[in-house]
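J.: Data file target.pdb (PDB, C-alpha atoms) is appended below.
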```pdb
ATOM      1  CA  MET A 812      15.167 -26.522  34.669
ATOM      2  CA  LYS A 813      15.974 -27.510  31.114
ATOM      3  CA  VAL A 814      12.286 -28.125  30.409
ATOM      4  CA  TRP A 815      11.404 -24.722  31.847
ATOM      5  CA  ASN A 816      14.002 -23.023  29.661
ATOM      6  CA  ALA A 817      12.735 -24.778  26.560
ATOM      7  CA  THR A 818       9.178 -23.773  27.372
ATOM      8  CA  ALA A 819      10.160 -20.159  28.003
ATOM      9  CA  SER A 820      12.110 -20.057  24.767
ATOM     10  CA  ARG A 821       9.204 -21.524  22.819
ATOM     11  CA  MET A 822       6.878 -18.948  24.325
ATOM     12  CA  ARG A 823       9.220 -16.163  23.264
ATOM     13  CA  CYS A 824       9.205 -17.587  19.737
ATOM     14  CA  MET A 825       5.418 -17.660  19.673
ATOM     15  CA  ALA A 826       5.173 -14.127  21.035
ATOM     16  CA  THR A 827       7.650 -12.969  18.390
ATOM     17  CA  MET A 828       5.750 -14.652  15.571
ATOM     18  CA  ARG A 829       2.540 -12.937  16.666
ATOM     19  CA  VAL A 830       4.056  -9.485  16.152
ATOM     20  CA  LEU A 831       6.708 -10.234  13.537
ATOM     21  CA  GLN A 832       4.916  -8.617  10.594
ATOM     22  CA  THR A 833       3.979  -5.544  12.609
ATOM     23  CA  TYR A 834       7.627  -5.310  13.651
ATOM     24  CA  LEU A 835       8.837  -5.570  10.041
ATOM     25  CA  ASP A 836       6.347  -2.853   9.064
ATOM     26  CA  GLY A 837       7.917  -0.600  11.696
ATOM     27  CA  ALA A 838       4.614  -0.316  13.528
ATOM     28  CA  LEU A 839       5.598  -1.803  16.905
ATOM     29  CA  ASP A 840       6.306   0.458  19.857
ATOM     30  CA  GLU A 841       9.931   0.957  20.811
ATOM     31  CA  VAL A 842      10.047  -1.391  23.801
ATOM     32  CA  ALA A 843       8.324  -4.262  22.005
ATOM     33  CA  ALA A 844      10.449  -3.690  18.894
ATOM     34  CA  ARG A 845      13.638  -3.924  20.954
ATOM     35  CA  ARG A 846      12.445  -7.170  22.518
ATOM     36  CA  VAL A 847      11.690  -8.643  19.089
ATOM     37  CA  ALA A 848      15.022  -7.471  17.663
ATOM     38  CA  GLU A 849      16.881  -9.148  20.538
ATOM     39  CA  HIS A 850      14.989 -12.372  20.070
ATOM     40  CA  LEU A 851      15.650 -12.387  16.320
ATOM     41  CA  GLU A 852      19.352 -12.023  17.053
ATOM     42  CA  ASP A 853      19.305 -15.028  19.376
ATOM     43  CA  CYS A 854      16.857 -17.377  17.690
ATOM     44  CA  ARG A 855      17.849 -18.805  14.340
ATOM     45  CA  ARG A 856      14.395 -20.121  13.470
ATOM     46  CA  CYS A 857      12.694 -16.813  14.118
ATOM     47  CA  GLY A 858      15.530 -14.927  12.416
ATOM     48  CA  LEU A 859      15.024 -17.049   9.327
ATOM     49  CA  GLU A 860      11.284 -16.466   9.413
ATOM     50  CA  ALA A 861      11.895 -12.710   9.629
ATOM     51  CA  GLU A 862      14.184 -12.934   6.609
ATOM     52  CA  VAL A 863      11.524 -14.718   4.565
ATOM     53  CA  TYR A 864       8.948 -12.028   5.348
ATOM     54  CA  GLN A 865      11.478  -9.311   4.601
ATOM     55  CA  GLU A 866      12.071 -10.843   1.187
ATOM     56  CA  ILE A 867       8.336 -11.087   0.577
ATOM     57  CA  LYS A 868       7.999  -7.403   1.396
ATOM     58  CA  ALA A 869      10.922  -6.599  -0.904
ATOM     59  CA  ALA A 870       9.369  -8.641  -3.732
ATOM     60  CA  LEU A 871       6.048  -6.885  -3.234
ATOM     61  CA  GLY A 872       7.807  -3.528  -3.228
ATOM     62  CA  LYS A 873       9.068  -4.300  -6.725
ATOM     63  CA  GLN A 874       5.544  -4.738  -8.054
ATOM     64  CA  GLU A 875       5.360  -1.071  -8.945
ATOM     65  CA  GLY A 876       4.568   0.147 -12.395
ATOM     66  CA  THR A 877       0.828  -0.367 -12.277
ATOM     67  CA  VAL A 878       0.181   3.376 -12.246
ATOM     68  CA  ASP A 879       0.090   5.099 -15.598
ATOM     69  CA  HIS A 880       2.645   7.921 -15.393
ATOM     70  CA  ARG A 881       1.057   9.819 -18.257
ATOM     71  CA  ALA A 882      -2.173   9.816 -16.275
ATOM     72  CA  ILE A 883      -0.305  11.259 -13.297
ATOM     73  CA  GLU A 884       1.038  14.025 -15.522
ATOM     74  CA  ARG A 885      -2.450  14.802 -16.806
ATOM     75  CA  LEU A 886      -3.775  14.850 -13.239
ATOM     76  CA  ARG A 887      -0.951  17.103 -12.123
ATOM     77  CA  HIS A 888      -1.775  19.496 -14.913
ATOM     78  CA  PHE A 889      -5.438  19.388 -13.927
ATOM     79  CA  GLY A 890      -4.578  19.979 -10.243
ATOM     80  CA  GLU A 891      -2.302  22.876 -11.111
ATOM     81  CA  GLN A 892      -5.050  24.443 -13.178
ATOM     82  CA  LEU A 893      -7.356  24.186 -10.185
ATOM     83  CA  ALA A 894      -4.681  25.670  -7.924
ATOM     84  CA  ARG A 895      -4.390  28.627 -10.291
ATOM     85  CA  GLY A 896      -8.146  29.072 -10.200
ATOM     86  CA  ASP A 897      -8.500  28.275 -13.881
ATOM     87  CA  ALA A 898     -12.265  28.212 -14.463
ATOM     88  CA  SER A 899     -12.057  25.684 -17.289
ATOM     89  CA  ALA A 900     -10.645  23.044 -14.920
ATOM     90  CA  HIS A 901     -13.601  23.009 -12.561
ATOM     91  CA  GLY A 902     -16.234  23.471 -15.218
ATOM     92  CA  ASP A 903     -17.803  20.235 -16.428
ATOM     93  CA  HIS A 904     -15.452  17.591 -15.000
ATOM     94  CA  GLY A 905     -16.600  14.708 -12.895
ATOM     95  CA  ALA A 906     -19.942  14.207 -14.603
TER      96      ALA A 906
ATOM     97  CA  MET B 821     -11.871  42.387  -2.214
ATOM     98  CA  HIS B 822     -12.332  40.324   0.927
ATOM     99  CA  GLU B 823     -13.893  37.566  -1.126
ATOM    100  CA  ALA B 824     -10.977  37.667  -3.583
ATOM    101  CA  ASP B 825      -8.518  37.213  -0.695
ATOM    102  CA  GLU B 826     -10.408  34.222   0.584
ATOM    103  CA  HIS B 827     -10.410  32.734  -2.888
ATOM    104  CA  GLN B 828      -6.672  33.226  -3.154
ATOM    105  CA  GLN B 829      -6.171  31.592   0.249
ATOM    106  CA  GLY B 830      -8.205  28.596  -0.897
ATOM    107  CA  GLU B 831      -6.078  28.219  -4.000
ATOM    108  CA  ASP B 832      -2.890  28.481  -1.948
ATOM    109  CA  ALA B 833      -4.174  25.851   0.485
ATOM    110  CA  PHE B 834      -5.080  23.576  -2.426
ATOM    111  CA  ALA B 835      -1.567  23.869  -3.825
ATOM    112  CA  ARG B 836      -0.011  23.341  -0.386
ATOM    113  CA  TYR B 837      -2.111  20.431   0.898
ATOM    114  CA  VAL B 838      -3.521  18.646  -2.116
ATOM    115  CA  LEU B 839      -1.015  18.737  -4.961
ATOM    116  CA  PRO B 840       1.823  17.029  -3.011
ATOM    117  CA  GLU B 841      -0.490  14.046  -2.434
ATOM    118  CA  LEU B 842      -1.376  13.609  -6.077
ATOM    119  CA  GLU B 843       0.825  10.613  -6.819
ATOM    120  CA  VAL B 844      -0.276   8.761  -3.685
ATOM    121  CA  LEU B 845      -3.881   9.465  -4.608
ATOM    122  CA  ALA B 846      -3.300   8.011  -8.068
ATOM    123  CA  ARG B 847      -1.725   4.841  -6.667
ATOM    124  CA  VAL B 848      -4.483   4.331  -4.147
ATOM    125  CA  ALA B 849      -7.118   5.018  -6.802
ATOM    126  CA  PHE B 850      -5.562   2.337  -8.977
ATOM    127  CA  SER B 851      -5.529  -0.132  -6.080
ATOM    128  CA  ILE B 852      -9.197   0.556  -5.526
ATOM    129  CA  THR B 853     -10.420   0.574  -9.142
ATOM    130  CA  ARG B 854      -7.931  -1.818 -10.850
ATOM    131  CA  ASN B 855      -8.290   0.211 -14.009
ATOM    132  CA  ASN B 856      -6.216   3.177 -15.170
ATOM    133  CA  ALA B 857      -9.080   5.102 -16.759
ATOM    134  CA  ASP B 858     -11.304   4.656 -13.706
ATOM    135  CA  ALA B 859      -8.420   5.591 -11.402
ATOM    136  CA  GLU B 860      -7.832   8.791 -13.358
ATOM    137  CA  ASP B 861     -11.534   9.672 -13.206
ATOM    138  CA  LEU B 862     -11.587   8.967  -9.494
ATOM    139  CA  VAL B 863      -8.578  11.172  -8.760
ATOM    140  CA  GLN B 864      -9.996  13.958 -10.892
ATOM    141  CA  GLU B 865     -13.277  13.747  -9.003
ATOM    142  CA  THR B 866     -11.362  13.744  -5.704
ATOM    143  CA  LEU B 867      -9.374  16.831  -6.722
ATOM    144  CA  LEU B 868     -12.525  18.668  -7.682
ATOM    145  CA  CYS B 869     -14.286  17.810  -4.409
ATOM    146  CA  ALA B 870     -11.165  18.801  -2.466
ATOM    147  CA  TYR B 871     -10.990  22.090  -4.357
ATOM    148  CA  ARG B 872     -14.604  22.864  -3.510
ATOM    149  CA  ALA B 873     -14.150  21.926   0.161
ATOM    150  CA  ILE B 874     -10.688  23.399   0.781
ATOM    151  CA  ASP B 875     -12.110  26.414   2.662
ATOM    152  CA  ARG B 876     -13.516  24.069   5.290
ATOM    153  CA  PHE B 877     -10.306  22.038   5.682
ATOM    154  CA  ASP B 878      -8.298  22.873   8.816
ATOM    155  CA  GLY B 879      -4.916  21.773   7.433
ATOM    156  CA  ALA B 880      -4.526  18.743   9.729
ATOM    157  CA  HIS B 881      -3.803  15.362   8.091
ATOM    158  CA  PRO B 882      -4.406  16.271   4.446
ATOM    159  CA  ARG B 883      -3.808  12.722   3.239
ATOM    160  CA  ALA B 884      -6.459  11.280   5.533
ATOM    161  CA  TRP B 885      -8.832  14.052   4.503
ATOM    162  CA  LEU B 886      -8.232  13.321   0.822
ATOM    163  CA  PHE B 887      -8.709   9.574   1.321
ATOM    164  CA  THR B 888     -12.088  10.237   2.898
ATOM    165  CA  ILE B 889     -13.051  12.380  -0.089
ATOM    166  CA  MET B 890     -11.815   9.695  -2.458
ATOM    167  CA  ARG B 891     -13.765   6.995  -0.652
ATOM    168  CA  ASN B 892     -16.950   9.021  -0.917
ATOM    169  CA  ALA B 893     -16.269   9.790  -4.574
ATOM    170  CA  GLU B 894     -15.709   6.096  -5.264
ATOM    171  CA  ALA B 895     -18.969   5.164  -3.530
ATOM    172  CA  LYS B 896     -20.774   7.737  -5.671
ATOM    173  CA  ARG B 897     -19.034   6.515  -8.819
ATOM    174  CA  HIS B 898     -19.990   2.908  -8.009
ATOM    175  CA  ARG B 899     -23.634   3.782  -7.876
ATOM    176  CA  ARG B 900     -23.608   5.024 -11.455
ATOM    177  CA  ARG B 901     -20.984   2.724 -12.940
ATOM    178  CA  ARG B 902     -21.394   0.144 -15.688
ATOM    179  CA  PRO B 903     -20.391  -3.459 -14.870
ATOM    180  CA  GLN B 904     -16.687  -3.833 -14.123
ATOM    181  CA  LEU B 905     -14.383  -4.738 -16.960
ATOM    182  CA  LEU B 906     -11.955  -7.604 -16.636
ATOM    183  CA  ARG B 907      -8.802  -6.928 -14.700
ATOM    184  CA  ASP B 908      -5.707  -5.738 -16.456
ATOM    185  CA  PRO B 909      -3.858  -8.909 -17.537
ATOM    186  CA  ASP B 910      -0.543  -7.050 -17.447
ATOM    187  CA  GLN B 911      -0.794  -6.556 -13.725
ATOM    188  CA  ALA B 912       1.107  -9.663 -12.678
ATOM    189  CA  GLY B 913       3.530  -9.518 -15.567
ATOM    190  CA  ARG B 914       6.089  -7.009 -14.389
ATOM    191  CA  MET B 915       8.935  -8.559 -12.509
ATOM    192  CA  GLU B 916      12.540  -7.741 -12.043
ATOM    193  CA  ALA B 917      15.239 -10.233 -11.308
ATOM    194  CA  ALA B 918      17.249  -8.153  -8.862
ATOM    195  CA  ASP B 919      18.450  -9.734  -5.645
ATOM    196  CA  PRO B 920      16.332  -8.360  -2.762
ATOM    197  CA  ARG B 921      19.251  -8.703  -0.378
ATOM    198  CA  GLY B 922      21.366  -6.313  -2.397
ATOM    199  CA  GLY B 923      24.952  -6.864  -3.459
ATOM    200  CA  VAL B 924      26.151  -8.731  -6.519
ATOM    201  CA  ALA B 925      23.946 -11.719  -7.212
ATOM    202  CA  SER B 926      25.205 -14.902  -8.855
ATOM    203  CA  PRO B 927      23.319 -16.192 -11.940
ATOM    204  CA  GLU B 928      21.723 -18.824  -9.696
ATOM    205  CA  ASP B 929      20.589 -16.166  -7.238
ATOM    206  CA  VAL B 930      19.156 -14.105 -10.067
ATOM    207  CA  VAL B 931      17.116 -17.076 -11.322
ATOM    208  CA  LEU B 932      15.984 -17.931  -7.792
ATOM    209  CA  GLY B 933      15.192 -14.279  -7.100
ATOM    210  CA  ALA B 934      13.134 -14.055 -10.278
ATOM    211  CA  GLU B 935      11.307 -17.257  -9.390
ATOM    212  CA  PHE B 936      10.656 -15.964  -5.887
ATOM    213  CA  ASP B 937       9.286 -12.690  -7.264
ATOM    214  CA  ALA B 938       7.177 -14.551  -9.819
ATOM    215  CA  VAL B 939       5.539 -16.712  -7.140
ATOM    216  CA  VAL B 940       4.906 -13.617  -5.020
ATOM    217  CA  ALA B 941       3.346 -11.817  -8.022
ATOM    218  CA  GLN B 942       1.161 -14.804  -8.937
ATOM    219  CA  CYS B 943       0.033 -15.250  -5.384
ATOM    220  CA  LEU B 944      -0.712 -11.547  -5.021
ATOM    221  CA  ALA B 945      -2.875 -11.652  -8.147
ATOM    222  CA  SER B 946      -4.799 -14.647  -6.830
ATOM    223  CA  LEU B 947      -5.485 -13.260  -3.359
ATOM    224  CA  PRO B 948      -9.044 -12.372  -2.435
ATOM    225  CA  GLU B 949      -9.769  -8.777  -3.483
ATOM    226  CA  ARG B 950      -9.896  -7.399   0.074
ATOM    227  CA  HIS B 951      -6.532  -8.945   0.950
ATOM    228  CA  ARG B 952      -4.816  -7.933  -2.276
ATOM    229  CA  GLN B 953      -5.987  -4.376  -1.813
ATOM    230  CA  VAL B 954      -4.321  -3.902   1.582
ATOM    231  CA  VAL B 955      -1.095  -5.506   0.358
ATOM    232  CA  GLU B 956      -1.026  -3.044  -2.523
ATOM    233  CA  LEU B 957      -1.769  -0.078  -0.300
ATOM    234  CA  VAL B 958       0.840  -0.921   2.345
ATOM    235  CA  ASP B 959       3.593  -2.891   0.594
ATOM    236  CA  ILE B 960       3.419  -1.361  -2.876
ATOM    237  CA  ASP B 961       2.021   2.137  -2.347
ATOM    238  CA  GLY B 962       3.853   2.558   0.969
ATOM    239  CA  LEU B 963       0.916   3.685   3.114
ATOM    240  CA  SER B 964       0.912   3.232   6.875
ATOM    241  CA  TYR B 965      -1.709   0.966   8.467
ATOM    242  CA  ALA B 966      -3.699   4.046   9.497
ATOM    243  CA  GLU B 967      -3.558   5.592   6.027
ATOM    244  CA  ALA B 968      -4.627   2.348   4.379
ATOM    245  CA  ALA B 969      -7.487   2.074   6.866
ATOM    246  CA  GLU B 970      -8.561   5.601   5.993
ATOM    247  CA  ALA B 971      -8.316   4.924   2.259
ATOM    248  CA  ILE B 972     -10.662   1.934   2.292
ATOM    249  CA  GLY B 973     -12.776   2.887   5.287
ATOM    250  CA  VAL B 974     -12.060   0.009   7.664
ATOM    251  CA  PRO B 975     -10.515  -0.110  11.172
ATOM    252  CA  VAL B 976      -6.716  -0.311  11.477
ATOM    253  CA  GLY B 977      -7.037  -3.768  13.047
ATOM    254  CA  THR B 978      -8.811  -5.003   9.932
ATOM    255  CA  VAL B 979      -6.016  -3.709   7.726
ATOM    256  CA  MET B 980      -3.475  -5.492   9.910
ATOM    257  CA  SER B 981      -5.288  -8.802   9.960
ATOM    258  CA  ARG B 982      -5.940  -8.784   6.194
ATOM    259  CA  LEU B 983      -2.365  -7.808   5.477
ATOM    260  CA  HIS B 984      -0.864 -10.417   7.774
ATOM    261  CA  ARG B 985      -3.147 -13.122   6.447
ATOM    262  CA  ALA B 986      -2.265 -12.177   2.866
ATOM    263  CA  ARG B 987       1.468 -12.297   3.490
ATOM    264  CA  THR B 988       1.118 -15.579   5.360
ATOM    265  CA  ARG B 989      -0.670 -16.967   2.295
ATOM    266  CA  ILE B 990       2.200 -15.784   0.084
ATOM    267  CA  ARG B 991       4.673 -17.305   2.487
ATOM    268  CA  GLN B 992       2.857 -20.669   2.372
ATOM    269  CA  ARG B 993       2.856 -20.562  -1.419
ATOM    270  CA  LEU B 994       6.609 -19.940  -1.402
ATOM    271  CA  SER B 995       7.130 -22.924   0.888
ATOM    272  CA  ALA B 996       5.046 -25.109  -1.382
ATOM    273  CA  ALA B 997       7.215 -23.992  -4.319
ATOM    274  CA  GLY B 998      10.370 -24.832  -2.369
ATOM    275  CA  LEU B 999      11.463 -21.198  -2.295
ATOM    276  CA  ALA B1000      11.164 -20.718   1.466
ATOM    277  CA  PRO B1001      11.670 -23.079   4.393
ATOM    278  CA  LYS B1002       8.633 -24.836   5.782
ATOM    279  CA  ARG B1003       7.064 -23.028   8.704
ATOM    280  CA  SER B1004       9.352 -23.841  11.619
ATOM    281  CA  LEU B1005       7.168 -23.259  14.669
ATOM    282  CA  ARG B1006       4.775 -25.903  15.991
TER     283      ARG B1006
END
```
Please express the file's structure as structure tokens.
T.:
Amino acid sequence: MKVWNATASRMRCMATMRVLQTYLDGALDEVAARRVAEHLEDCRRCGLEAEVYQEIKAALGKQEGTVDHRAIERLRHFGEQLARGDASAHGDHGA
Amino acid sequence: MHEADEHQQGEDAFARYVLPELEVLARVAFSITRNNADAEDLVQETLLCAYRAIDRFDGAHPRAWLFTIMRNAEAKRHRRRRPQLLRDPDQAGRMEAADPRGGVASPEDVVLGAEFDAVVAQCLASLPERHRQVVELVDIDGLSYAEAAEAIGVPVGTVMSRLHRARTRIRQRLSAAGLAPKRSLR
């Protein structure tokens, strides 16, 4: 009985690990997400693994700043000119 | 007069569907080109193509529509482009030392947090191009799997597998640096 329980628990861990990243991205369906959330509550090892991936995602989320904000302003101005039907905006660009 | 109305409608649709996506387009363009000047050119080209095609757009899923335009524009740009310049060396340099778990961090936590972020940044920069690109699109630019798939023209499953493999690589690097526990299963 004990062996069966250990095997079942290990299988739940493996199933959780297979979908953990999809779960953390919020892309799992509701039923599967609930099952993963319950397992993460109960299983320390998997909970820890989830925390590591959460921190990786958080660290990646901080990697912003690669986009040039002045370029965005110039593009916004260009887009607004187009939206106003300003002929000079869609003249010779994109060559 | 009828033609003028149609023109006005097109301009309204452009303002309604395209302009709100401008910042996302710029981020994605940067992820694709790795160069600010090229990204700006690519977005400008995308805006122009979208402007010309807005009359044929049905209003459903503007972001996906724009990504398709951008992908085509990038393919066209590639065909006439000079050899790629070296990547921006500043890319991996920006890091903050904030504690990702929130709350008030101790000096030790701040150092550890900065080290953690630094390893993540280094690893991201060293990932194979295709893997780094999906990480940037999803984790940095905030796109969904489907949007990222649309942006680079691959199936959603490919985005997922590249993304998961990339993060697993980062996770292994963190373990090797002693900043995350060794993989516990198996």
J.: May I have the residues at most 12 Å from (-2.2, 21.8, 4.0) in the file's coordinates, counting only C-alpha atoms, as a list in words?
T.: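 Nearby residues: Gln829, Gly830, Glu831, Asp832, Ala833, Phe834, Ala835, Arg836, Tyr837, Val838, Leu839, Pro840, Glu841, Ala870, Ile874, Asp875, Arg876, Phe877, Asp878, Gly879, Ala880, His881, Pro882, Arg883, Ala884, Trp885 and Leu886 of chain B.
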J.: Write out as a ChimeraX atom specification each polymer residue whose atoms come within 10 Å of A:Arg845, counting all atoms listed in the file; drop sequence neighbours fewer than 6 positions from it.
T.: /A:834,839,851
J.: Applied to the shown file, which residues does the PyMOL selection byres ((chain A and resi 865-873) around 7) return, written as a list in words?
T.: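 So the PyMOL selection byres ((chain A and resi 865-873) around 7) ends up selecting Ala861, Glu862, Val863, Tyr864, Gln874 and Glu875 of chain A; Pro920, Asp937, Val940, Asp959 and Ile960 of chain B.
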J.: Would you compute the distance between atom CA of A:Ala838 and atom CA of B:Tyr965? Give it in Å to one decimal.
T.: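 Interatomic distance here is 8.2 Å.
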J.: Enclose all atoms of stretch 973-992 of chain B listed in the file in an axis-aligned box, grow every side by 4 Å, and hand back centre and edge lengths in Å to one decimal, as AutoDock Vina command-line options.
T.:
```
--center_x -4.1 --center_y -8.9 --center_z 6.6 --size_x 25.4 --size_y 31.6 --size_z 21.0
```
J.: I want to know what sits within 9 Å of stretch 887-889 of chain B, based on only C-alpha atoms, with residues of the same chain fewer than 5 positions away left out; could you give that as a VMD selection string?
T.: chain B and resid 845 848 866 to 867 869 to 870 882 894 967 to 968 970 to 973
J.: I'd like to see the residues matched by the PyMOL selection byres ((chain B and resi 865) around 12) on this file, and ideally I'd get them as a VMD selection string.
T.: (chain A and resid 886 889 to 890 900 to 906) or (chain B and resid 845 to 846 849 858 to 864 866 to 872 886 889 to 897)
J.: Store the residues picked out above in a file with C-alpha atoms, as a short mmCIF file (atom, residue, chain, number, x, y, z; two decimals), keeping the file's coordinate frame.
T.:
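This went into out29.cif:
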```
data_model
loop_
_atom_site.label_atom_id
_atom_site.label_comp_id
_atom_site.auth_asym_id
_atom_site.auth_seq_id
_atom_site.Cartn_x
_atom_site.Cartn_y
_atom_site.Cartn_z
CA LEU A 886 -3.78 14.85 -13.24
CA PHE A 889 -5.44 19.39 -13.93
CA GLY A 890 -4.58 19.98 -10.24
CA ALA A 900 -10.64 23.04 -14.92
CA HIS A 901 -13.60 23.01 -12.56
CA GLY A 902 -16.23 23.47 -15.22
CA ASP A 903 -17.80 20.24 -16.43
CA HIS A 904 -15.45 17.59 -15.00
CA GLY A 905 -16.60 14.71 -12.90
CA ALA A 906 -19.94 14.21 -14.60
CA LEU B 845 -3.88 9.46 -4.61
CA ALA B 846 -3.30 8.01 -8.07
CA ALA B 849 -7.12 5.02 -6.80
CA ASP B 858 -11.30 4.66 -13.71
CA ALA B 859 -8.42 5.59 -11.40
CA GLU B 860 -7.83 8.79 -13.36
CA ASP B 861 -11.53 9.67 -13.21
CA LEU B 862 -11.59 8.97 -9.49
CA VAL B 863 -8.58 11.17 -8.76
CA GLN B 864 -10.00 13.96 -10.89
CA THR B 866 -11.36 13.74 -5.70
CA LEU B 867 -9.37 16.83 -6.72
CA LEU B 868 -12.52 18.67 -7.68
CA CYS B 869 -14.29 17.81 -4.41
CA ALA B 870 -11.16 18.80 -2.47
CA TYR B 871 -10.99 22.09 -4.36
CA ARG B 872 -14.60 22.86 -3.51
CA LEU B 886 -8.23 13.32 0.82
CA ILE B 889 -13.05 12.38 -0.09
CA MET B 890 -11.82 9.70 -2.46
CA ARG B 891 -13.76 7.00 -0.65
CA ASN B 892 -16.95 9.02 -0.92
CA ALA B 893 -16.27 9.79 -4.57
CA GLU B 894 -15.71 6.10 -5.26
CA ALA B 895 -18.97 5.16 -3.53
CA LYS B 896 -20.77 7.74 -5.67
CA ARG B 897 -19.03 6.52 -8.82
#
```
J.: Taking the point (0.5, 10.9, -10.0) as given in the file, collect each protein or nucleic acid residue that comes within 9 Å of it, counting all atoms listed in the file, and present the set as a list of chain:residue names.
T.: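 These residues have at least one counted atom within 9 Å: A:Val878, A:Asp879, A:His880, A:Arg881, A:Ala882, A:Ile883, A:Glu884, A:Arg885, A:Leu886, A:Arg887, B:Glu841, B:Leu842, B:Glu843, B:Val844, B:Leu845, B:Ala846, B:Arg847.
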J.: Store the residues of this selection in a file with C-alpha atoms, as a CSV table (one decimal), keeping the file's coordinate frame.
T.:
```csv
chain,number,residue,atom,x,y,z
A,878,VAL,CA,0.2,3.4,-12.2
A,879,ASP,CA,0.1,5.1,-15.6
A,880,HIS,CA,2.6,7.9,-15.4
A,881,ARG,CA,1.1,9.8,-18.3
A,882,ALA,CA,-2.2,9.8,-16.3
A,883,ILE,CA,-0.3,11.3,-13.3
A,884,GLU,CA,1.0,14.0,-15.5
A,885,ARG,CA,-2.4,14.8,-16.8
A,886,LEU,CA,-3.8,14.8,-13.2
A,887,ARG,CA,-1.0,17.1,-12.1
B,841,GLU,CA,-0.5,14.0,-2.4
B,842,LEU,CA,-1.4,13.6,-6.1
B,843,GLU,CA,0.8,10.6,-6.8
B,844,VAL,CA,-0.3,8.8,-3.7
B,845,LEU,CA,-3.9,9.5,-4.6
B,846,ALA,CA,-3.3,8.0,-8.1
B,847,ARG,CA,-1.7,4.8,-6.7
```
J.: By how many Å are atom CA of B:Ile990 and atom CA of B:Thr853 apart?
T.: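 A separation of 22.6 Å between them.
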J.: Could you list the residues chosen by the PyMOL selection byres ((chain A and resi 831) around 12) in this structure as a PyMOL selection string?
T.: (chain A and resi 823-830+832-839+843-848+850-851+857-865) or (chain B and resi 980+984+987-988)
